[in-house]
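Chemist: Structure file upload.cif, mmCIF, C-alpha atoms, is pasted below:
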data_data
loop_
_atom_site.label_atom_id
_atom_site.label_comp_id
_atom_site.auth_asym_id
_atom_site.auth_seq_id
_atom_site.Cartn_x
_atom_site.Cartn_y
_atom_site.Cartn_z
CA MET A 759 -7.25 -4.18 -5.29
CA ARG A 760 -4.81 -1.98 -7.19
CA ASN A 761 -1.95 -4.23 -6.10
CA LEU A 762 -3.80 -7.29 -7.32
CA ILE A 763 -4.33 -5.77 -10.77
CA THR A 764 -0.70 -4.60 -10.99
CA ASN A 765 0.61 -8.01 -9.94
CA THR A 766 -1.68 -9.81 -12.39
CA LEU A 767 -0.57 -7.53 -15.23
CA ALA A 768 3.07 -8.05 -14.31
CA LEU A 769 2.63 -11.82 -14.28
CA LEU A 770 0.84 -11.67 -17.64
CA VAL A 771 3.67 -9.63 -19.16
CA ILE A 772 6.35 -12.01 -17.84
CA GLY A 773 4.35 -15.10 -18.87
CA GLY A 774 3.75 -13.59 -22.31
CA LEU A 775 7.44 -12.81 -22.83
CA CYS A 776 8.40 -16.33 -21.81
CA GLY A 777 5.75 -17.82 -24.09
CA LEU A 778 6.91 -15.68 -26.99
CA ALA A 779 10.53 -16.76 -26.53
CA LEU A 780 9.49 -20.41 -26.42
CA THR A 781 7.22 -20.33 -29.47
CA GLN A 782 9.79 -18.45 -31.55
CA THR A 783 12.57 -20.88 -30.60
CA HIS A 784 10.25 -23.81 -31.31
CA GLN A 785 9.60 -22.45 -34.81
CA PHE A 786 13.31 -22.08 -35.36
CA THR A 787 14.35 -25.52 -34.07
CA ARG A 788 11.34 -27.58 -35.19
CA GLU A 789 12.81 -28.79 -38.49
CA PRO A 790 16.25 -29.90 -37.24
CA VAL A 791 14.64 -31.55 -34.19
CA GLU A 792 12.21 -33.47 -36.41
CA ALA A 793 15.02 -34.47 -38.77
CA ASN A 794 17.10 -35.73 -35.82
CA ARG A 795 14.18 -37.75 -34.46
CA VAL A 796 13.46 -39.35 -37.84
CA ARG A 797 17.16 -40.14 -38.33
CA GLN A 798 17.38 -41.71 -34.88
CA ALA A 799 14.16 -43.70 -35.37
CA GLN A 800 15.30 -44.98 -38.77
CA ALA A 801 18.68 -46.02 -37.35
CA LEU A 802 16.96 -47.86 -34.52
CA LEU A 803 14.54 -49.64 -36.87
CA SER A 804 17.45 -50.76 -39.04
CA GLU A 805 19.40 -51.91 -35.98
CA LEU A 806 16.48 -54.05 -34.84
CA LEU A 807 15.80 -55.46 -38.29
CA GLY A 808 19.47 -56.20 -38.94
CA ARG A 809 19.28 -54.51 -42.35
CA GLN A 810 18.12 -51.21 -43.81
CA ALA A 811 14.53 -50.68 -42.69
CA PRO A 812 12.02 -49.48 -45.31
CA THR A 813 11.52 -45.73 -45.12
CA ASP A 814 7.93 -45.79 -46.39
CA MET A 815 6.33 -47.91 -43.65
CA SER A 816 2.89 -46.79 -42.55
CA TRP A 817 2.09 -46.97 -38.84
CA GLN A 818 -1.43 -47.71 -37.65
CA ASN A 819 -2.27 -47.92 -33.96
CA GLY A 820 1.43 -48.21 -33.16
CA VAL A 821 2.00 -51.17 -35.52
CA ALA A 822 3.89 -51.24 -38.81
CA ASN A 823 3.76 -54.01 -41.41
CA PRO A 824 1.08 -56.03 -39.53
CA CYS A 825 0.52 -58.53 -42.34
CA GLY A 826 4.20 -59.07 -43.16
CA PRO A 827 6.65 -61.68 -41.88
CA TRP A 828 7.78 -59.26 -39.18
CA GLN A 829 6.10 -56.40 -37.37
CA PHE A 830 7.32 -53.26 -35.67
CA VAL A 831 5.45 -52.04 -32.59
CA ARG A 832 5.89 -48.74 -30.80
CA SER A 833 4.04 -48.24 -27.56
CA ALA A 834 4.56 -47.47 -23.87
CA ALA A 835 4.28 -49.14 -20.47
CA ASN A 836 4.05 -47.53 -17.05
CA GLY A 837 7.36 -47.46 -15.21
CA TYR A 838 8.44 -46.03 -11.86
CA SER A 839 8.49 -42.39 -13.02
CA GLY A 840 5.98 -42.34 -15.84
CA SER A 841 5.65 -44.05 -19.15
CA ILE A 842 8.51 -45.94 -20.77
CA ARG A 843 8.26 -45.71 -24.55
CA TYR A 844 9.64 -48.61 -26.56
CA LEU A 845 10.10 -49.97 -30.04
CA ALA A 846 9.90 -53.72 -30.65
CA LEU A 847 10.43 -56.05 -33.59
CA LEU A 848 8.31 -59.20 -33.54
CA GLU A 849 9.47 -61.93 -35.88
CA LYS A 850 8.74 -65.68 -35.85
CA GLY A 851 7.55 -65.62 -32.25
CA ASN A 852 10.67 -63.81 -31.04
CA ILE A 853 11.16 -60.22 -29.95
CA ARG A 854 13.85 -57.57 -30.11
CA LEU A 855 13.12 -54.53 -27.99
CA ARG A 856 14.65 -51.10 -27.33
CA VAL A 857 13.49 -48.34 -25.01
CA THR A 858 13.24 -45.04 -26.85
CA ARG A 859 12.25 -42.64 -24.07
CA HIS A 860 11.94 -42.90 -20.30
CA GLN A 861 12.18 -40.91 -17.08
CA GLU A 862 13.33 -43.71 -14.77
CA THR A 863 15.98 -43.08 -12.11
CA PRO A 864 19.40 -42.61 -13.74
CA GLY A 865 21.91 -45.19 -12.56
CA ILE A 866 19.31 -47.61 -11.21
CA ALA A 867 17.39 -48.00 -14.48
CA ASP A 868 20.35 -47.65 -16.84
CA PHE A 869 19.88 -51.27 -17.91
CA ILE A 870 16.96 -50.26 -20.14
CA ASN A 871 19.14 -47.77 -22.02
CA HIS A 872 20.75 -49.81 -24.80
CA LYS A 873 23.36 -47.09 -25.38
CA VAL A 874 24.65 -47.44 -21.84
CA ASP A 875 24.04 -51.09 -20.97
CA PRO A 876 23.96 -54.17 -23.25
CA TYR A 877 21.12 -55.73 -21.21
CA LEU A 878 18.42 -55.33 -23.91
CA PRO A 879 20.65 -56.15 -26.93
CA ASN A 880 21.69 -59.33 -25.09
CA LEU A 881 18.01 -60.34 -24.94
CA ASP A 882 17.53 -60.02 -28.71
CA ASP A 883 15.51 -62.89 -30.22
CA THR A 884 14.12 -64.05 -26.89
CA SER A 885 10.79 -65.82 -27.45
CA ILE A 886 7.75 -63.68 -26.69
CA ALA A 887 6.43 -66.46 -24.45
CA SER A 888 9.48 -66.44 -22.17
CA TRP A 889 10.00 -62.64 -22.14
CA GLY A 890 7.52 -62.27 -19.28
CA ASP A 891 9.56 -64.71 -17.14
CA LEU A 892 12.83 -62.75 -17.24
CA ASP A 893 14.62 -62.56 -13.90
CA ASN A 894 13.84 -59.39 -11.99
CA ILE A 895 16.58 -56.83 -11.36
CA THR A 896 17.03 -55.96 -7.70
CA GLY A 897 16.37 -52.32 -6.94
CA ALA A 898 14.47 -51.69 -10.16
CA THR A 899 11.41 -53.88 -9.55
CA ILE A 900 8.80 -51.57 -11.07
CA THR A 901 10.92 -50.64 -14.08
CA HIS A 902 11.64 -54.31 -14.79
CA LYS A 903 7.97 -55.25 -14.32
CA ALA A 904 7.09 -52.67 -16.98
CA LEU A 905 9.78 -54.11 -19.24
CA ARG A 906 8.42 -57.65 -18.76
CA SER A 907 4.91 -56.52 -19.72
CA MET A 908 6.03 -55.06 -23.04
CA ALA A 909 6.27 -58.27 -25.10
CA ALA A 910 2.71 -59.37 -24.31
CA GLN A 911 1.47 -55.84 -24.93
CA ALA A 912 3.25 -55.67 -28.29
CA GLN A 913 1.86 -59.07 -29.28
CA THR A 914 -1.69 -57.97 -28.40
CA LEU A 915 -1.33 -54.76 -30.42
CA VAL A 916 -0.14 -56.75 -33.45
CA ALA A 917 -2.98 -59.28 -33.10
CA HIS A 918 -5.58 -56.49 -32.94
CA GLN A 919 -4.12 -54.76 -35.98
CA GLN A 920 -3.97 -58.02 -37.94
CA GLU A 921 -7.62 -58.58 -37.09
CA ARG A 922 -8.54 -55.07 -38.25
CA ASP A 923 -6.61 -55.48 -41.50
CA ASN A 924 -7.93 -59.03 -42.14
CA CYS A 925 -4.36 -60.23 -42.56
CA GLU A 926 -5.24 -63.93 -42.78
CA GLN A 927 -7.56 -63.35 -45.74
CA SER A 928 -5.15 -61.05 -47.54
CA ASN A 929 -2.30 -63.56 -47.01
CA GLU A 930 -4.41 -66.44 -48.34
CA SER A 931 -5.53 -64.49 -51.41
CA MET B 199 32.83 -3.53 -8.56
CA SER B 200 31.84 -5.85 -11.45
CA HIS B 201 35.26 -7.49 -11.47
CA ASN B 202 34.85 -8.15 -7.77
CA ASP B 203 31.37 -9.62 -8.36
CA PHE B 204 32.85 -12.02 -10.91
CA ARG B 205 35.66 -13.15 -8.60
CA GLN B 206 33.33 -13.53 -5.64
CA ALA B 207 30.90 -15.70 -7.64
CA ALA B 208 33.55 -17.79 -9.43
CA ILE B 209 36.11 -18.41 -6.69
CA THR B 210 35.37 -17.03 -3.22
CA ASN B 211 31.74 -18.20 -3.15
CA ASN B 212 32.07 -20.92 -5.78
CA PRO B 213 28.68 -22.65 -6.05
CA ALA B 214 30.20 -26.14 -6.07
CA TRP B 215 33.15 -26.32 -3.70
CA MET B 216 32.18 -23.50 -1.29
CA GLN B 217 28.37 -23.68 -1.25
CA LEU B 218 27.88 -27.31 -2.36
CA LEU B 219 24.99 -26.32 -4.63
CA GLY B 220 23.87 -28.11 -7.79
CA LEU B 221 25.50 -31.35 -6.70
CA CYS B 222 22.95 -33.67 -8.33
CA PRO B 223 23.77 -32.77 -11.95
CA LEU B 224 27.41 -32.09 -11.01
CA LEU B 225 27.97 -35.63 -9.74
CA ALA B 226 25.72 -37.37 -12.26
CA VAL B 227 27.07 -35.84 -15.46
CA SER B 228 30.74 -35.39 -14.63
CA ASN B 229 31.80 -38.89 -15.73
CA SER B 230 33.59 -37.44 -18.76
CA VAL B 231 34.88 -34.08 -19.93
CA ALA B 232 32.48 -34.09 -22.90
CA ASN B 233 29.40 -34.55 -20.72
CA ALA B 234 30.71 -32.05 -18.17
CA THR B 235 31.34 -29.47 -20.91
CA GLY B 236 27.82 -29.95 -22.25
CA LEU B 237 26.23 -29.40 -18.85
CA ALA B 238 28.56 -26.48 -18.09
CA LEU B 239 27.55 -24.72 -21.32
CA ALA B 240 23.84 -25.43 -20.73
CA SER B 241 24.00 -24.21 -17.12
CA ALA B 242 25.96 -21.12 -18.19
CA PHE B 243 23.33 -20.19 -20.76
CA VAL B 244 20.52 -20.63 -18.22
CA VAL B 245 22.21 -18.74 -15.38
CA ILE B 246 23.36 -15.85 -17.60
CA GLY B 247 20.01 -15.59 -19.40
CA SER B 248 17.87 -15.84 -16.28
CA ASN B 249 20.04 -13.51 -14.14
CA THR B 250 20.05 -10.84 -16.85
CA SER B 251 16.30 -11.15 -17.51
CA ILE B 252 15.42 -11.09 -13.81
CA SER B 253 17.59 -8.03 -13.28
CA LEU B 254 15.97 -6.29 -16.27
CA LEU B 255 12.47 -7.16 -15.06
CA ARG B 256 13.17 -6.61 -11.34
CA ARG B 257 11.00 -3.48 -11.13
CA ILE B 258 7.91 -5.20 -12.57
CA ILE B 259 8.29 -8.57 -10.84
CA PRO B 260 5.74 -8.48 -7.98
CA GLN B 261 7.43 -9.01 -4.60
CA ALA B 262 4.66 -11.38 -3.47
CA ALA B 263 5.00 -13.61 -6.54
CA ARG B 264 8.71 -13.28 -7.19
CA LEU B 265 9.59 -16.96 -6.74
CA PRO B 266 7.04 -18.22 -9.32
CA CYS B 267 8.31 -15.51 -11.67
CA PHE B 268 11.94 -16.59 -11.17
CA VAL B 269 11.03 -20.23 -11.75
CA LEU B 270 9.07 -19.30 -14.89
CA ILE B 271 12.02 -17.39 -16.31
CA ILE B 272 14.55 -20.09 -15.38
CA ALA B 273 12.24 -22.78 -16.83
CA THR B 274 11.98 -20.80 -20.06
CA PHE B 275 15.76 -20.60 -20.45
CA THR B 276 16.11 -24.29 -19.56
CA THR B 277 13.53 -25.25 -22.21
CA LEU B 278 15.29 -23.05 -24.79
CA THR B 279 18.53 -24.89 -23.97
CA VAL B 280 16.85 -28.28 -24.33
CA MET B 281 15.38 -27.26 -27.71
CA ALA B 282 18.76 -26.00 -28.96
CA LEU B 283 20.54 -29.15 -27.77
CA GLU B 284 17.94 -31.42 -29.39
CA ALA B 285 18.27 -29.50 -32.64
CA TYR B 286 22.04 -29.02 -32.89
CA ALA B 287 23.74 -31.52 -30.55
CA PHE B 288 21.42 -34.51 -30.66
CA ASP B 289 23.92 -37.14 -29.49
CA LEU B 290 24.79 -35.09 -26.44
CA TYR B 291 21.09 -34.40 -25.87
CA SER B 292 20.44 -38.17 -25.82
CA ARG B 293 23.04 -38.56 -23.09
CA ILE B 294 22.43 -35.65 -20.75
CA ALA B 295 18.91 -34.41 -21.56
CA LEU B 296 17.50 -35.45 -18.20
CA PHE B 297 20.11 -33.47 -16.32
CA VAL B 298 19.71 -30.43 -18.52
CA GLN B 299 15.97 -30.47 -17.83
CA ILE B 300 16.52 -30.47 -14.07
CA ILE B 301 18.64 -27.32 -14.30
CA VAL B 302 15.28 -25.66 -13.66
CA THR B 303 15.39 -26.90 -10.06
CA ASN B 304 19.07 -26.13 -9.57
CA CYS B 305 19.20 -24.14 -6.35
CA MET B 306 22.43 -22.49 -7.51
CA ILE B 307 20.52 -20.63 -10.24
CA LEU B 308 17.45 -19.84 -8.14
CA GLY B 309 19.77 -18.69 -5.35
CA ARG B 310 21.60 -16.20 -7.58
CA ALA B 311 18.25 -14.90 -8.86
CA GLU B 312 16.84 -14.37 -5.37
CA VAL B 313 19.97 -13.10 -3.62
CA PHE B 314 21.62 -11.07 -6.36
CA ALA B 315 19.93 -10.56 -9.74
CA SER B 316 16.58 -9.39 -8.35
CA ARG B 317 18.31 -6.63 -6.34
CA GLN B 318 21.10 -5.41 -8.62
CA PRO B 319 21.41 -3.61 -11.96
CA VAL B 320 21.99 -5.59 -15.15
CA GLY B 321 25.77 -5.06 -15.32
CA ARG B 322 26.40 -6.47 -11.86
CA ALA B 323 23.85 -9.28 -12.34
CA LEU B 324 25.58 -10.26 -15.60
CA MET B 325 29.04 -10.35 -13.99
CA ASP B 326 27.68 -12.39 -11.09
CA ALA B 327 26.08 -14.83 -13.57
CA LEU B 328 29.32 -15.09 -15.55
CA GLY B 329 31.24 -15.77 -12.36
CA THR B 330 28.74 -18.40 -11.22
CA ALA B 331 28.84 -20.07 -14.64
CA VAL B 332 32.64 -20.10 -14.73
CA GLY B 333 32.85 -21.39 -11.15
CA PHE B 334 30.40 -24.21 -11.84
CA ALA B 335 32.19 -25.04 -15.11
CA LEU B 336 35.57 -25.19 -13.31
CA ALA B 337 34.19 -27.69 -10.80
CA LEU B 338 32.47 -29.74 -13.52
CA LEU B 339 35.52 -29.86 -15.79
CA ALA B 340 37.94 -30.70 -12.99
CA LEU B 341 35.70 -33.49 -11.77
CA GLY B 342 35.00 -34.70 -15.31
CA ALA B 343 38.69 -34.80 -16.21
CA VAL B 344 39.75 -36.72 -13.08
CA ARG B 345 36.88 -39.21 -13.39
CA GLU B 346 37.45 -39.78 -17.12
CA VAL B 347 41.19 -40.33 -16.67
CA LEU B 348 40.73 -42.70 -13.72
CA GLY B 349 37.61 -44.47 -14.99
CA GLN B 350 38.29 -44.75 -18.71
CA GLY B 351 42.00 -44.00 -19.08
CA THR B 352 41.19 -41.33 -21.67
CA LEU B 353 40.86 -37.56 -21.79
CA LEU B 354 38.60 -35.46 -24.06
CA ALA B 355 36.84 -38.52 -25.51
CA ASN B 356 33.63 -37.94 -27.55
CA MET B 357 34.17 -34.20 -27.82
CA ASP B 358 32.84 -34.47 -31.40
CA MET B 359 29.35 -34.60 -29.87
CA LEU B 360 29.81 -30.92 -29.03
CA PHE B 361 32.30 -29.48 -31.45
CA GLY B 362 31.87 -31.51 -34.65
CA GLN B 363 33.94 -34.19 -36.37
CA ALA B 364 37.26 -32.32 -36.05
CA ALA B 365 37.03 -32.63 -32.26
CA ALA B 366 37.14 -36.44 -32.50
CA GLN B 367 40.94 -36.02 -32.91
CA TRP B 368 41.25 -34.40 -29.49
CA GLN B 369 40.89 -37.71 -27.65
CA MET B 370 43.97 -38.78 -25.68
CA THR B 371 44.24 -42.43 -24.72
CA LEU B 372 46.52 -42.48 -21.68
CA PHE B 373 46.49 -45.96 -20.13
CA PRO B 374 44.12 -48.86 -19.35
CA PRO B 375 41.38 -47.69 -16.93
CA PRO B 376 43.02 -47.85 -13.48
CA LEU B 377 39.91 -47.26 -11.33
CA SER B 378 36.48 -48.04 -12.78
CA LEU B 379 34.92 -46.97 -9.48
CA ALA B 380 35.55 -43.38 -10.59
CA LEU B 381 32.73 -43.66 -13.15
CA LEU B 382 30.20 -44.90 -10.58
CA PRO B 383 28.20 -42.75 -8.13
CA PRO B 384 30.36 -43.67 -5.09
CA GLY B 385 33.46 -42.71 -7.05
CA ALA B 386 31.85 -39.38 -7.94
CA PHE B 387 31.21 -38.62 -4.25
CA ILE B 388 34.72 -39.63 -3.18
CA ILE B 389 36.52 -37.69 -5.93
CA ALA B 390 34.26 -34.64 -5.52
CA GLY B 391 34.92 -34.66 -1.77
CA LEU B 392 38.68 -34.83 -2.30
CA LEU B 393 38.67 -32.10 -4.97
CA PHE B 394 36.46 -29.80 -2.90
CA ALA B 395 38.69 -30.31 0.14
CA LEU B 396 41.73 -29.50 -1.99
CA ALA B 397 40.07 -26.35 -3.36
CA GLN B 398 39.04 -25.19 0.09
CA GLY B 399 42.50 -26.00 1.48
CA LEU B 400 44.18 -23.95 -1.25
CA MET B 401 41.83 -21.02 -0.68
CA SER B 402 41.92 -20.90 3.11
CA PRO B 403 44.49 -18.49 4.58
CA SER B 404 47.62 -20.11 6.02
CA PRO B 405 47.89 -20.23 9.87
CA LYS B 406 50.79 -17.74 9.69
CA THR B 407 48.73 -15.19 7.75
CA GLN B 408 45.79 -15.82 10.06
CA SER B 409 47.84 -15.19 13.24
CA ASN B 410 49.33 -12.01 11.69
CA THR B 411 45.83 -10.77 10.92
CA GLN B 412 44.73 -11.58 14.48
CA ALA B 413 47.74 -9.75 15.92
CA GLU B 414 47.03 -6.73 13.78
CA THR B 415 43.42 -6.78 14.93
CA LEU B 416 44.46 -6.94 18.58
#
Could I get this structure in the form of structure tokens?
Modeler:
Amino acid sequence: MRNLITNTLALLVIGGLCGLALTQTHQFTREPVEANRVRQAQALLSELLGRQAPTDMSWQNGVANPCGPWQFVRSAANGYSGSIRYLALLEKGNIRLRVTRHQETPGIADFINHKVDPYLPNLDDTSIASWGDLDNITGATITHKALRSMAAQAQTLVAHQQERDNCEQSNES
Amino acid sequence: MSHNDFRQAAITNNPAWMQLLGLCPLLAVSNSVANATGLALASAFVVIGSNTSISLLRRIIPQAARLPCFVLIIATFTTLTVMALEAYAFDLYSRIALFVQIIVTNCMILGRAEVFASRQPVGRALMDALGTAVGFALALLALGAVREVLGQGTLLANMDMLFGQAAAQWQMTLFPPPLSLALLPPGAFIIAGLLFALAQGLMSPSPKTQSNTQAETL
């Protein structure tokens, strides 16, 4: 019994010290990390749009600018090793898509990393209708299936948001 | 004693070419000197921090739950490294984050914690950690340099990701890439095998020395 109490106290002390170190470091690094993420996101938005993206866009349910001529969508699909987060630009029935975060197998799934492989940039402006029919990539079936599902998912998210915001009425008026 | 601990950990029992530990990140990230340096620094911070902490806490770490405690401490240092990289070396973080995160499962670090740091005073644990970090860095940098030269025809490219804009000047463009295979996983295995064999060959005693030792023993 005494051993159990001693061991539990020891574990609590070690866990507490580790937790303290993590929370303090998080406080210290939170601002630069956030600034880096915003900078990276803004650069990616501008890359997709082909010009400087507005900095004051409001995101609702993963969709930005739902009633405009183009829409940004950020969402995720299930890959081989968890969710694959992506950012997509939908414009005139076409899509440009980049993966922003994933945990797929390095080497095998490198094609979804636009910094390593030009696979996704080469697909820029593919029509949303034909995105789901892209040729599979051998060895990365599940990752590619997730990638193929993203265009339809993004389109659905935009449609739902447009419905919520009554975009047709606001465009007509 | 401490000097001997350092030499043992860095050279005689080098984690890479003698014990073949930590090969997953070693092979995956060593496609350039910049990436290799990033992982070497991250691994060094984790192994030095965890070895020192485990040695300091060795009297209160319960014997029955020592492995979860070691993993908790190593995971803490790994997470601290990831946070620091994401804050201050974001480009490098984008490239090697996955491999930094799996430092937590690197058997080289857990091995030093279990075999050495949990049984020795802080001074010796620190020297052992320094030796392990230097040994792993030597293997990473050697592999990174050979693969970058063969695969890209450059040396010290993209060092600005780690050391700021001034380091962009360090890049040396040597010749057109002679062997792109060096950048791919099979190339990593082949080059690592050759380098490890070379290191072991250089370190093994010559037959003459060996026979003299045997004669003396007889």
Chemist: My list of candidates is A:Gly777, A:Arg854, A:Gln919, A:Arg760. Which is closest to chain B when distances are computed with all atoms listed in the file?
Modeler: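 Smallest separation from chain B among the options: A:Gly777.
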Chemist: Applied to the shown file, which residues does the PyMOL selection byres ((chain B and resi 361-366) around 12) return, written as a list of chain:residue names?
Modeler: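 The output of the PyMOL selection byres ((chain B and resi 361-366) around 12) on this file is B:Ala232, B:Thr235, B:Gly236, B:Tyr286, B:Ala287, B:Phe288, B:Asp289, B:Leu290, B:Leu353, B:Leu354, B:Ala355, B:Asn356, B:Met357, B:Asp358, B:Met359, B:Leu360, B:Gln367, B:Trp368, B:Gln369, B:Met370.
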Chemist: Hey, which bits of chain A sit within 12 Å of chain B, and for each residue what's the closest pair of atoms and how far apart in Å (one decimal), counting all atoms listed in the file, rows by chain and increasing number, as JSON lines?
Modeler:
{"residue": "A:Asn761", "atom": "CA", "partner": "B:Pro260", "partner_atom": "CA", "distance": 9.0}
{"residue": "A:Leu762", "atom": "CA", "partner": "B:Pro260", "partner_atom": "CA", "distance": 9.6}
{"residue": "A:Ile763", "atom": "CA", "partner": "B:Pro260", "partner_atom": "CA", "distance": 10.8}
{"residue": "A:Thr764", "atom": "CA", "partner": "B:Pro260", "partner_atom": "CA", "distance": 8.1}
{"residue": "A:Asn765", "atom": "CA", "partner": "B:Pro260", "partner_atom": "CA", "distance": 5.5}
{"residue": "A:Thr766", "atom": "CA", "partner": "B:Pro260", "partner_atom": "CA", "distance": 8.7}
{"residue": "A:Leu767", "atom": "CA", "partner": "B:Ile258", "partner_atom": "CA", "distance": 9.2}
{"residue": "A:Ala768", "atom": "CA", "partner": "B:Ile258", "partner_atom": "CA", "distance": 5.9}
{"residue": "A:Leu769", "atom": "CA", "partner": "B:Cys267", "partner_atom": "CA", "distance": 7.3}
{"residue": "A:Leu770", "atom": "CA", "partner": "B:Cys267", "partner_atom": "CA", "distance": 10.3}
{"residue": "A:Val771", "atom": "CA", "partner": "B:Ile258", "partner_atom": "CA", "distance": 9.0}
{"residue": "A:Ile772", "atom": "CA", "partner": "B:Cys267", "partner_atom": "CA", "distance": 7.4}
{"residue": "A:Gly773", "atom": "CA", "partner": "B:Leu270", "partner_atom": "CA", "distance": 7.5}
{"residue": "A:Gly774", "atom": "CA", "partner": "B:Leu270", "partner_atom": "CA", "distance": 10.8}
{"residue": "A:Leu775", "atom": "CA", "partner": "B:Ile271", "partner_atom": "CA", "distance": 9.2}
{"residue": "A:Cys776", "atom": "CA", "partner": "B:Thr274", "partner_atom": "CA", "distance": 6.0}
{"residue": "A:Gly777", "atom": "CA", "partner": "B:Thr274", "partner_atom": "CA", "distance": 8.0}
{"residue": "A:Leu778", "atom": "CA", "partner": "B:Thr274", "partner_atom": "CA", "distance": 10.0}
{"residue": "A:Ala779", "atom": "CA", "partner": "B:Thr274", "partner_atom": "CA", "distance": 7.8}
{"residue": "A:Leu780", "atom": "CA", "partner": "B:Leu278", "partner_atom": "CA", "distance": 6.6}
{"residue": "A:Thr781", "atom": "CA", "partner": "B:Leu278", "partner_atom": "CA", "distance": 9.7}
{"residue": "A:Gln782", "atom": "CA", "partner": "B:Leu278", "partner_atom": "CA", "distance": 9.9}
{"residue": "A:Thr783", "atom": "CA", "partner": "B:Leu278", "partner_atom": "CA", "distance": 6.8}
{"residue": "A:His784", "atom": "CA", "partner": "B:Met281", "partner_atom": "CA", "distance": 7.2}
{"residue": "A:Gln785", "atom": "CA", "partner": "B:Met281", "partner_atom": "CA", "distance": 10.3}
{"residue": "A:Phe786", "atom": "CA", "partner": "B:Ala282", "partner_atom": "CA", "distance": 9.3}
{"residue": "A:Thr787", "atom": "CA", "partner": "B:Ala285", "partner_atom": "CA", "distance": 5.8}
{"residue": "A:Arg788", "atom": "CA", "partner": "B:Ala285", "partner_atom": "CA", "distance": 7.6}
{"residue": "A:Glu789", "atom": "CA", "partner": "B:Ala285", "partner_atom": "CA", "distance": 8.0}
{"residue": "A:Pro790", "atom": "CA", "partner": "B:Ala285", "partner_atom": "CA", "distance": 5.0}
{"residue": "A:Val791", "atom": "CA", "partner": "B:Ala285", "partner_atom": "CA", "distance": 4.4}
{"residue": "A:Glu792", "atom": "CA", "partner": "B:Ala285", "partner_atom": "CA", "distance": 8.2}
{"residue": "A:Ala793", "atom": "CA", "partner": "B:Ala285", "partner_atom": "CA", "distance": 8.5}
{"residue": "A:Asn794", "atom": "CA", "partner": "B:Phe288", "partner_atom": "CA", "distance": 6.8}
{"residue": "A:Arg795", "atom": "CA", "partner": "B:Phe288", "partner_atom": "CA", "distance": 8.8}
{"residue": "A:Val796", "atom": "CA", "partner": "B:Phe288", "partner_atom": "CA", "distance": 11.8}
{"residue": "A:Arg797", "atom": "CA", "partner": "B:Phe288", "partner_atom": "CA", "distance": 10.4}
{"residue": "A:Gln798", "atom": "CA", "partner": "B:Phe288", "partner_atom": "CA", "distance": 9.3}
{"residue": "A:Thr858", "atom": "CA", "partner": "B:Ser292", "partner_atom": "CA", "distance": 10.0}
{"residue": "A:Arg859", "atom": "CA", "partner": "B:Ser292", "partner_atom": "CA", "distance": 9.5}
{"residue": "A:His860", "atom": "CA", "partner": "B:Leu296", "partner_atom": "CA", "distance": 9.5}
{"residue": "A:Gln861", "atom": "CA", "partner": "B:Leu296", "partner_atom": "CA", "distance": 7.7}
{"residue": "A:Glu862", "atom": "CA", "partner": "B:Leu296", "partner_atom": "CA", "distance": 9.9}
{"residue": "A:Thr863", "atom": "CA", "partner": "B:Leu296", "partner_atom": "CA", "distance": 9.9}
{"residue": "A:Pro864", "atom": "CA", "partner": "B:Ala226", "partner_atom": "CA", "distance": 8.3}
{"residue": "A:Gly865", "atom": "CA", "partner": "B:Pro383", "partner_atom": "CA", "distance": 8.1}
{"residue": "A:Ile866", "atom": "CA", "partner": "B:Pro383", "partner_atom": "CA", "distance": 10.6}
{"residue": "A:Asp868", "atom": "CA", "partner": "B:Arg293", "partner_atom": "CA", "distance": 11.4}
{"residue": "A:Asn871", "atom": "CA", "partner": "B:Arg293", "partner_atom": "CA", "distance": 10.1}
{"residue": "A:His872", "atom": "CA", "partner": "B:Arg293", "partner_atom": "CA", "distance": 11.6}
{"residue": "A:Lys873", "atom": "CA", "partner": "B:Arg293", "partner_atom": "CA", "distance": 8.8}
{"residue": "A:Val874", "atom": "CA", "partner": "B:Arg293", "partner_atom": "CA", "distance": 9.1}
Chemist: Any idea what's packed within 10 Å of Pro374 (chain B), counting all atoms listed in the file, ignoring anything in its chain fewer than 6 positions away? Could you give it as a count of residues only?
Modeler: 6
Chemist: Report the distance between CA of Lys850 (chain A) and CA of Trp828 (chain A) in Å, rounded to one decimal place.
Modeler: 7.3 Å
Chemist: Find the spatial neighbours of Ile209 (chain B), counting all atoms listed in the file, within a cut-off of 10 Å - ignore same-chain residues fewer than 5 positions away - and output them as an mmCIF file with C-alpha atoms, in the coordinates of the input.
Modeler:
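Contents of around.cif, freshly written:
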data_model
loop_
_atom_site.group_PDB
_atom_site.id
_atom_site.type_symbol
_atom_site.label_atom_id
_atom_site.label_comp_id
_atom_site.auth_asym_id
_atom_site.auth_seq_id
_atom_site.Cartn_x
_atom_site.Cartn_y
_atom_site.Cartn_z
ATOM 1 C CA PHE B 204 32.850 -12.020 -10.910
ATOM 2 C CA ALA B 214 30.200 -26.140 -6.070
ATOM 3 C CA TRP B 215 33.150 -26.320 -3.700
ATOM 4 C CA MET B 216 32.180 -23.500 -1.290
ATOM 5 C CA GLY B 329 31.240 -15.770 -12.360
ATOM 6 C CA THR B 330 28.740 -18.400 -11.220
ATOM 7 C CA VAL B 332 32.640 -20.100 -14.730
ATOM 8 C CA GLY B 333 32.850 -21.390 -11.150
ATOM 9 C CA PHE B 334 30.400 -24.210 -11.840
ATOM 10 C CA LEU B 336 35.570 -25.190 -13.310
ATOM 11 C CA ALA B 397 40.070 -26.350 -3.360
ATOM 12 C CA MET B 401 41.830 -21.020 -0.680
#
